[in-house]
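*Asks:* Provided below: my_file_22.cif, containing mmCIF, C-alpha atoms; chains and numbers go by the auth columns.
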```
data_model
#
loop_
_atom_site.group_PDB
_atom_site.id
_atom_site.type_symbol
_atom_site.label_atom_id
_atom_site.label_comp_id
_atom_site.label_asym_id
_atom_site.label_seq_id
_atom_site.Cartn_x
_atom_site.Cartn_y
_atom_site.Cartn_z
_atom_site.B_iso_or_equiv
_atom_site.auth_seq_id
_atom_site.auth_asym_id
ATOM 1 C CA VAL A 1 -1.722 24.429 -3.528 0.00 1 A
ATOM 2 C CA ASP A 2 -0.935 27.461 -1.375 0.00 2 A
ATOM 3 C CA GLU A 3 -3.969 29.313 -2.765 0.00 3 A
ATOM 4 C CA MET A 4 -6.228 26.314 -2.138 0.00 4 A
ATOM 5 C CA ALA A 5 -5.048 26.112 1.475 0.00 5 A
ATOM 6 C CA ILE A 6 -5.774 29.826 1.988 0.00 6 A
ATOM 7 C CA GLU A 7 -9.178 29.586 0.311 0.00 7 A
ATOM 8 C CA LEU A 8 -10.105 26.605 2.479 0.00 8 A
ATOM 9 C CA GLY A 9 -8.875 28.359 5.621 0.00 9 A
ATOM 10 C CA LEU A 10 -6.315 25.653 6.405 0.00 10 A
ATOM 11 C CA GLU A 11 -3.781 26.804 8.968 0.00 11 A
ATOM 12 C CA ASN A 12 -1.840 23.605 9.631 0.00 12 A
ATOM 13 C CA ILE A 13 -0.334 23.308 6.162 0.00 13 A
ATOM 14 C CA GLN A 14 3.035 24.224 4.774 0.00 14 A
ATOM 15 C CA THR A 15 4.052 23.604 1.187 0.00 15 A
ATOM 16 C CA HIS A 16 7.351 23.477 -0.593 0.00 16 A
ATOM 17 C CA HIS A 17 7.623 23.658 -4.354 0.00 17 A
ATOM 18 C CA GLY A 18 10.857 22.361 -5.761 0.00 18 A
ATOM 19 C CA ARG A 19 12.597 19.648 -7.665 0.00 19 A
ATOM 20 C CA ALA A 20 13.085 16.564 -5.522 0.00 20 A
ATOM 21 C CA GLU A 21 16.509 15.761 -6.967 0.00 21 A
ATOM 22 C CA GLU A 22 17.787 19.276 -6.190 0.00 22 A
ATOM 23 C CA ILE A 23 16.653 19.079 -2.580 0.00 23 A
ATOM 24 C CA ALA A 24 18.070 15.575 -2.162 0.00 24 A
ATOM 25 C CA ASP A 25 21.456 16.486 -3.648 0.00 25 A
ATOM 26 C CA ASP A 26 21.972 19.694 -1.670 0.00 26 A
ATOM 27 C CA PRO A 27 23.771 18.905 1.619 0.00 27 A
ATOM 28 C CA ILE A 28 22.390 21.987 3.415 0.00 28 A
ATOM 29 C CA ILE A 29 18.860 22.260 2.035 0.00 29 A
ATOM 30 C CA GLY A 30 18.427 18.480 2.083 0.00 30 A
ATOM 31 C CA ARG A 31 19.151 18.395 5.808 0.00 31 A
ATOM 32 C CA THR A 32 16.476 20.999 6.595 0.00 32 A
ATOM 33 C CA HIS A 33 13.837 18.986 4.724 0.00 33 A
ATOM 34 C CA ARG A 34 14.806 15.566 6.119 0.00 34 A
ATOM 35 C CA ASN A 35 11.811 13.637 7.541 0.00 35 A
ATOM 36 C CA GLN A 36 9.604 16.749 7.378 0.00 36 A
ATOM 37 C CA TYR A 37 6.788 15.818 5.009 0.00 37 A
ATOM 38 C CA ASP A 38 3.516 14.007 5.616 0.00 38 A
ATOM 39 C CA ILE A 39 2.838 13.923 1.881 0.00 39 A
ATOM 40 C CA CYS A 40 5.059 14.241 -1.145 0.00 40 A
ATOM 41 C CA VAL A 41 3.351 14.617 -4.516 0.00 41 A
ATOM 42 C CA GLY A 42 5.181 13.628 -7.673 0.00 42 A
ATOM 43 C CA ARG A 43 4.458 13.001 -11.311 0.00 43 A
ATOM 44 C CA SER A 44 6.065 10.675 -13.776 0.00 44 A
ATOM 45 C CA VAL A 45 9.131 12.630 -14.855 0.00 45 A
ATOM 46 C CA THR A 46 11.531 9.750 -14.214 0.00 46 A
ATOM 47 C CA SER A 47 11.312 6.108 -13.198 0.00 47 A
ATOM 48 C CA MET A 48 9.450 5.459 -9.950 0.00 48 A
ATOM 49 C CA PRO A 49 12.469 3.811 -8.290 0.00 49 A
ATOM 50 C CA ARG A 50 14.629 6.859 -9.067 0.00 50 A
ATOM 51 C CA PHE A 51 11.940 9.237 -7.766 0.00 51 A
ATOM 52 C CA CYS A 52 11.653 7.133 -4.601 0.00 52 A
ATOM 53 C CA PHE A 53 15.419 7.437 -4.195 0.00 53 A
ATOM 54 C CA TRP A 54 15.210 11.220 -4.473 0.00 54 A
ATOM 55 C CA ILE A 55 12.450 11.638 -1.887 0.00 55 A
ATOM 56 C CA GLN A 56 13.178 8.821 0.566 0.00 56 A
ATOM 57 C CA ASP A 57 14.704 11.211 3.120 0.00 57 A
ATOM 58 C CA LEU A 58 11.960 13.842 2.805 0.00 58 A
ATOM 59 C CA LEU A 59 9.010 11.785 4.084 0.00 59 A
ATOM 60 C CA LYS A 60 8.275 11.394 7.775 0.00 60 A
ATOM 61 C CA LYS A 61 9.170 7.980 9.094 0.00 61 A
ATOM 62 C CA GLY A 62 7.777 6.312 12.135 0.00 62 A
ATOM 63 C CA LYS A 63 5.038 4.126 13.433 0.00 63 A
ATOM 64 C CA ASP A 64 2.593 6.936 14.190 0.00 64 A
ATOM 65 C CA GLU A 65 3.595 9.525 11.579 0.00 65 A
ATOM 66 C CA GLU A 66 4.597 7.698 8.433 0.00 66 A
ATOM 67 C CA GLY A 67 4.638 9.945 5.358 0.00 67 A
ATOM 68 C CA LYS A 68 3.051 9.049 2.041 0.00 68 A
ATOM 69 C CA LEU A 69 4.032 9.451 -1.581 0.00 69 A
ATOM 70 C CA VAL A 70 1.198 10.365 -3.944 0.00 70 A
ATOM 71 C CA TYR A 71 2.473 9.746 -7.463 0.00 71 A
ATOM 72 C CA ILE A 72 0.658 10.540 -10.706 0.00 72 A
ATOM 73 C CA ILE A 73 1.628 8.177 -13.483 0.00 73 A
ATOM 74 C CA GLY A 74 0.523 6.810 -16.822 0.00 74 A
ATOM 75 C CA GLY A 75 1.575 3.510 -18.315 0.00 75 A
ATOM 76 C CA LYS A 76 3.266 0.541 -16.774 0.00 76 A
ATOM 77 C CA VAL A 77 4.638 0.415 -13.229 0.00 77 A
ATOM 78 C CA GLU A 78 7.596 -1.721 -12.193 0.00 78 A
ATOM 79 C CA GLU A 79 6.537 -4.907 -10.337 0.00 79 A
ATOM 80 C CA ASN A 80 8.675 -4.088 -7.270 0.00 80 A
ATOM 81 C CA VAL A 81 6.770 -0.786 -7.048 0.00 81 A
ATOM 82 C CA GLN A 82 3.283 -2.108 -7.828 0.00 82 A
ATOM 83 C CA SER A 83 3.584 -4.786 -5.154 0.00 83 A
ATOM 84 C CA ARG A 84 4.084 -2.052 -2.515 0.00 84 A
ATOM 85 C CA VAL A 85 1.313 0.329 -3.612 0.00 85 A
ATOM 86 C CA THR A 86 -1.394 0.834 -0.978 0.00 86 A
ATOM 87 C CA THR A 87 -3.793 2.693 -3.292 0.00 87 A
ATOM 88 C CA ASP A 88 -4.035 2.693 -7.090 0.00 88 A
ATOM 89 C CA VAL A 89 -6.882 4.788 -8.462 0.00 89 A
ATOM 90 C CA ALA A 90 -7.576 6.206 -11.915 0.00 90 A
ATOM 91 C CA ILE A 91 -7.725 10.002 -11.922 0.00 91 A
ATOM 92 C CA ASP A 92 -11.089 9.787 -13.703 0.00 92 A
ATOM 93 C CA ASP A 93 -12.411 7.750 -10.753 0.00 93 A
ATOM 94 C CA LEU A 94 -10.798 10.070 -8.233 0.00 94 A
ATOM 95 C CA LEU A 95 -12.390 13.141 -9.842 0.00 95 A
ATOM 96 C CA LYS A 96 -15.602 11.310 -10.787 0.00 96 A
ATOM 97 C CA CYS A 97 -15.184 12.749 -14.265 0.00 97 A
ATOM 98 C CA SER A 98 -14.918 10.469 -17.270 0.00 98 A
ATOM 99 C CA GLY A 99 -12.278 11.460 -19.817 0.00 99 A
ATOM 100 C CA ALA A 100 -10.382 13.839 -17.511 0.00 100 A
ATOM 101 C CA SER A 101 -7.125 11.909 -17.694 0.00 101 A
ATOM 102 C CA ASP A 102 -5.561 8.642 -18.772 0.00 102 A
ATOM 103 C CA LYS A 103 -3.287 8.742 -15.704 0.00 103 A
ATOM 104 C CA ARG A 104 -3.692 7.196 -12.286 0.00 104 A
ATOM 105 C CA THR A 105 -2.612 8.002 -8.764 0.00 105 A
ATOM 106 C CA LEU A 106 -0.504 5.628 -6.701 0.00 106 A
ATOM 107 C CA VAL A 107 -0.026 5.961 -2.948 0.00 107 A
ATOM 108 C CA LEU A 108 2.944 4.418 -1.136 0.00 108 A
ATOM 109 C CA SER A 109 4.061 4.557 2.492 0.00 109 A
ATOM 110 C CA SER A 110 7.456 6.000 3.383 0.00 110 A
ATOM 111 C CA SER A 111 8.681 2.508 4.301 0.00 111 A
ATOM 112 C CA ALA A 112 7.724 1.282 0.813 0.00 112 A
ATOM 113 C CA VAL A 113 9.467 4.310 -0.728 0.00 113 A
ATOM 114 C CA THR A 114 12.636 3.508 1.254 0.00 114 A
ATOM 115 C CA ALA A 115 12.569 -0.144 0.184 0.00 115 A
ATOM 116 C CA ILE A 116 12.103 0.795 -3.480 0.00 116 A
ATOM 117 C CA ALA A 117 14.886 3.393 -3.198 0.00 117 A
ATOM 118 C CA LYS A 118 17.301 0.785 -1.825 0.00 118 A
ATOM 119 C CA GLU A 119 16.554 -1.483 -4.792 0.00 119 A
ATOM 120 C CA SER A 120 16.899 1.358 -7.336 0.00 120 A
ATOM 121 C CA GLY A 121 20.656 1.150 -7.813 0.00 121 A
ATOM 122 C CA GLU A 122 20.908 4.936 -7.357 0.00 122 A
ATOM 123 C CA VAL A 123 23.697 6.385 -5.215 0.00 123 A
ATOM 124 C CA LYS A 124 23.884 9.651 -3.330 0.00 124 A
ATOM 125 C CA ARG A 125 25.915 12.352 -4.956 0.00 125 A
ATOM 126 C CA GLY A 126 28.702 13.839 -2.929 0.00 126 A
ATOM 127 C CA LYS A 127 32.075 15.381 -3.184 0.00 127 A
ATOM 128 C CA VAL A 128 34.489 13.397 -5.277 0.00 128 A
ATOM 129 C CA LYS A 129 37.559 12.396 -3.289 0.00 129 A
ATOM 130 C CA GLN A 130 40.791 13.560 -4.889 0.00 130 A
#
```
Before anything else, please render the file you have as structure tokens.

*Replies:*
Amino acid sequence: VDEMAIELGLENIQTHHGRAEEIADDPIIGRTHRNQYDICVGRSVTSMPRFCFWIQDLLKKGKDEEGKLVYIIGGKVEENVQSRVTTDVAIDDLLKCSGASDKRTLVLSSSAVTAIAKESGEVKRGKVKQ
């Protein structure tokens, strides 16, 4: 992504490559990334509700600057997720190339991500009280 931005001459872009769960669980790093991202891209490495839980604090929130999750997935999507998807497009259609992939791309707003995260049953990790 960094190379594409350079090749295209984009100057208003900053990328971060990392595991969402590591950023979310780190009390210092997580704070520096809180509400910083216009777009978060993910792929189906865990359930969508769990992924939404991990990234809910990373996306920008607000009326004028709401962040988006772009999620690449194959197979079935939970109903509470599908009902909140704003865009659902097959990668073949997106690339205009038949046979490129059996996956599709879902787009969700940060408010949808937050709602799904709340329903996920996940809890924030923290120090265990002794």

*Asks:* Give as a list in words the set of residues within 12 Å of the point (2.8, 0.7, -17.4), where distances use the file's coordinates and all atoms listed in the file.

*Replies:* Ser44, Ser47, Met48, Ile73, Gly74, Gly75, Lys76, Val77, Glu78, Glu79, Val81, Gln82, Asp102, Lys103 and Arg104 of chain A

*Asks:* To one decimal in Å, tell me the separation between atom CA of A:His33 and atom CA of A:Thr86.

*Replies:*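 Here the two named atoms are 24.4 Å from each other.
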
*Asks:* Atom CA of A:Trp54 and atom CA of A:Gly67 are how many Å apart?

*Replies:*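 These two atoms are separated by 14.5 Å.
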
*Asks:* Figure out the distance between atom CA of A:Gln14 and atom CA of A:Val123, please, to one decimal in Å.

*Replies:* 29.1 Å

*Asks:* Using all atoms listed in the file for the distances, tell me which of A:Pro49, A:Gly62, A:Gly9, A:Gly18 is nearest to A:Ser110.

*Replies:* A:Gly62

*Asks:* With distances taken over only C-alpha atoms, which residue among A:Glu65, A:Thr32, A:Thr114, A:Ala100 lies nearest A:Phe51?

*Replies:* A:Thr114

*Asks:* Identify which of the residues A:Leu58, A:Leu8, A:Ile29, A:Cys52 lies closest to A:Asn80, counting only C-alpha atoms when measuring atom-to-atom distances.

*Replies:*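 Distance minimum relative to A:Asn80 lands on A:Cys52.
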
*Asks:* The PyMOL selection byres ((chain A and resi 53) around 12) on the file shown: which residues, as a compact mmCIF listing (two decimals) with C-alpha atoms, keeping the file's coordinate frame?

*Replies:*
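Once written, selection19.txt looks like this:
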```txt
# COMPACT_ATOMS: atom_id res chain seq x y z
CA ALA A 20 13.08 16.56 -5.52
CA GLU A 21 16.51 15.76 -6.97
CA ILE A 23 16.65 19.08 -2.58
CA ALA A 24 18.07 15.58 -2.16
CA ASP A 25 21.46 16.49 -3.65
CA THR A 46 11.53 9.75 -14.21
CA SER A 47 11.31 6.11 -13.20
CA MET A 48 9.45 5.46 -9.95
CA PRO A 49 12.47 3.81 -8.29
CA ARG A 50 14.63 6.86 -9.07
CA PHE A 51 11.94 9.24 -7.77
CA CYS A 52 11.65 7.13 -4.60
CA TRP A 54 15.21 11.22 -4.47
CA ILE A 55 12.45 11.64 -1.89
CA GLN A 56 13.18 8.82 0.57
CA ASP A 57 14.70 11.21 3.12
CA LEU A 58 11.96 13.84 2.80
CA LEU A 59 9.01 11.78 4.08
CA LEU A 69 4.03 9.45 -1.58
CA SER A 110 7.46 6.00 3.38
CA SER A 111 8.68 2.51 4.30
CA ALA A 112 7.72 1.28 0.81
CA VAL A 113 9.47 4.31 -0.73
CA THR A 114 12.64 3.51 1.25
CA ALA A 115 12.57 -0.14 0.18
CA ILE A 116 12.10 0.80 -3.48
CA ALA A 117 14.89 3.39 -3.20
CA LYS A 118 17.30 0.78 -1.82
CA GLU A 119 16.55 -1.48 -4.79
CA SER A 120 16.90 1.36 -7.34
CA GLY A 121 20.66 1.15 -7.81
CA GLU A 122 20.91 4.94 -7.36
CA VAL A 123 23.70 6.38 -5.22
CA LYS A 124 23.88 9.65 -3.33
CA ARG A 125 25.92 12.35 -4.96
```

*Asks:* Counting all atoms listed in the file, which of A:Ile6, A:Val45, A:Val107, A:Ile28 gets nearest to A:Arg84?

*Replies:*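 Nearest candidate to A:Arg84 out of A:Ile6, A:Val45, A:Val107, A:Ile28: A:Val107.
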
*Asks:* Atoms are missing here; could stretch 1-36 of chain A be completed with N, CA and C atoms and written as a compact mmCIF listing (two decimals), in the frame of the given file?

*Replies:*
```txt
# COMPACT_ATOMS: atom_id res chain seq x y z
N VAL A 1 -1.42 25.10 -4.78
CA VAL A 1 -1.72 24.43 -3.53
C VAL A 1 -1.81 25.46 -2.40
N ASP A 2 -0.89 26.42 -2.40
CA ASP A 2 -0.94 27.46 -1.38
C ASP A 2 -2.26 28.22 -1.42
N GLU A 3 -2.71 28.58 -2.62
CA GLU A 3 -3.97 29.31 -2.76
C GLU A 3 -5.16 28.49 -2.30
N MET A 4 -5.14 27.18 -2.59
CA MET A 4 -6.23 26.31 -2.14
C MET A 4 -6.27 26.27 -0.62
N ALA A 5 -5.11 26.16 0.02
CA ALA A 5 -5.05 26.11 1.48
C ALA A 5 -5.61 27.40 2.08
N ILE A 6 -5.27 28.54 1.50
CA ILE A 6 -5.77 29.83 1.99
C ILE A 6 -7.28 29.90 1.80
N GLU A 7 -7.75 29.53 0.61
CA GLU A 7 -9.18 29.59 0.31
C GLU A 7 -9.99 28.68 1.23
N LEU A 8 -9.42 27.54 1.59
CA LEU A 8 -10.10 26.60 2.48
C LEU A 8 -9.93 26.96 3.95
N GLY A 9 -9.10 27.94 4.23
CA GLY A 9 -8.88 28.36 5.62
C GLY A 9 -8.01 27.39 6.41
N LEU A 10 -7.18 26.62 5.72
CA LEU A 10 -6.32 25.65 6.40
C LEU A 10 -5.12 26.38 7.02
N GLU A 11 -4.88 26.14 8.28
CA GLU A 11 -3.78 26.80 8.97
C GLU A 11 -2.63 25.86 9.30
N ASN A 12 -2.87 24.58 9.24
CA ASN A 12 -1.84 23.60 9.63
C ASN A 12 -1.18 22.98 8.40
N ILE A 13 -0.92 23.81 7.39
CA ILE A 13 -0.33 23.31 6.16
C ILE A 13 0.84 24.19 5.76
N GLN A 14 1.87 23.52 5.31
CA GLN A 14 3.04 24.22 4.77
C GLN A 14 3.44 23.49 3.50
N THR A 15 3.68 24.23 2.45
CA THR A 15 4.05 23.60 1.19
C THR A 15 5.46 24.00 0.80
N HIS A 16 6.05 23.17 -0.01
CA HIS A 16 7.35 23.48 -0.59
C HIS A 16 7.29 23.04 -2.04
N HIS A 17 7.63 23.96 -2.93
CA HIS A 17 7.62 23.66 -4.35
C HIS A 17 9.07 23.62 -4.82
N GLY A 18 9.48 22.49 -5.30
CA GLY A 18 10.86 22.36 -5.76
C GLY A 18 11.08 21.02 -6.41
N ARG A 19 12.22 20.90 -7.01
CA ARG A 19 12.60 19.65 -7.66
C ARG A 19 13.20 18.71 -6.62
N ALA A 20 12.65 17.53 -6.54
CA ALA A 20 13.08 16.56 -5.52
C ALA A 20 14.57 16.27 -5.61
N GLU A 21 15.09 16.11 -6.82
CA GLU A 21 16.51 15.76 -6.97
C GLU A 21 17.42 16.90 -6.51
N GLU A 22 16.97 18.15 -6.64
CA GLU A 22 17.79 19.28 -6.19
C GLU A 22 17.82 19.35 -4.66
N ILE A 23 16.70 19.09 -4.04
CA ILE A 23 16.65 19.08 -2.58
C ILE A 23 17.51 17.93 -2.05
N ALA A 24 17.35 16.76 -2.63
CA ALA A 24 18.07 15.58 -2.16
C ALA A 24 19.58 15.72 -2.32
N ASP A 25 20.02 16.37 -3.38
CA ASP A 25 21.46 16.49 -3.65
C ASP A 25 22.14 17.63 -2.91
N ASP A 26 21.37 18.55 -2.36
CA ASP A 26 21.97 19.69 -1.67
C ASP A 26 22.21 19.34 -0.20
N PRO A 27 23.48 19.34 0.25
CA PRO A 27 23.77 18.90 1.62
C PRO A 27 23.17 19.80 2.70
N ILE A 28 22.96 21.08 2.42
CA ILE A 28 22.39 21.99 3.42
C ILE A 28 20.87 21.95 3.36
N ILE A 29 20.32 22.24 2.19
CA ILE A 29 18.86 22.26 2.04
C ILE A 29 18.27 20.88 2.33
N GLY A 30 18.92 19.84 1.85
CA GLY A 30 18.43 18.48 2.08
C GLY A 30 18.27 18.16 3.56
N ARG A 31 19.20 18.64 4.37
CA ARG A 31 19.15 18.40 5.81
C ARG A 31 17.94 19.07 6.45
N THR A 32 17.60 20.28 5.99
CA THR A 32 16.48 21.00 6.60
C THR A 32 15.13 20.39 6.23
N HIS A 33 15.09 19.61 5.16
CA HIS A 33 13.84 18.99 4.72
C HIS A 33 13.73 17.52 5.15
N ARG A 34 14.75 16.99 5.75
CA ARG A 34 14.81 15.57 6.12
C ARG A 34 13.67 15.19 7.09
N ASN A 35 12.91 14.17 6.72
CA ASN A 35 11.81 13.64 7.54
C ASN A 35 10.77 14.69 7.93
N GLN A 36 10.51 15.65 7.06
CA GLN A 36 9.60 16.75 7.38
C GLN A 36 8.21 16.64 6.77
```
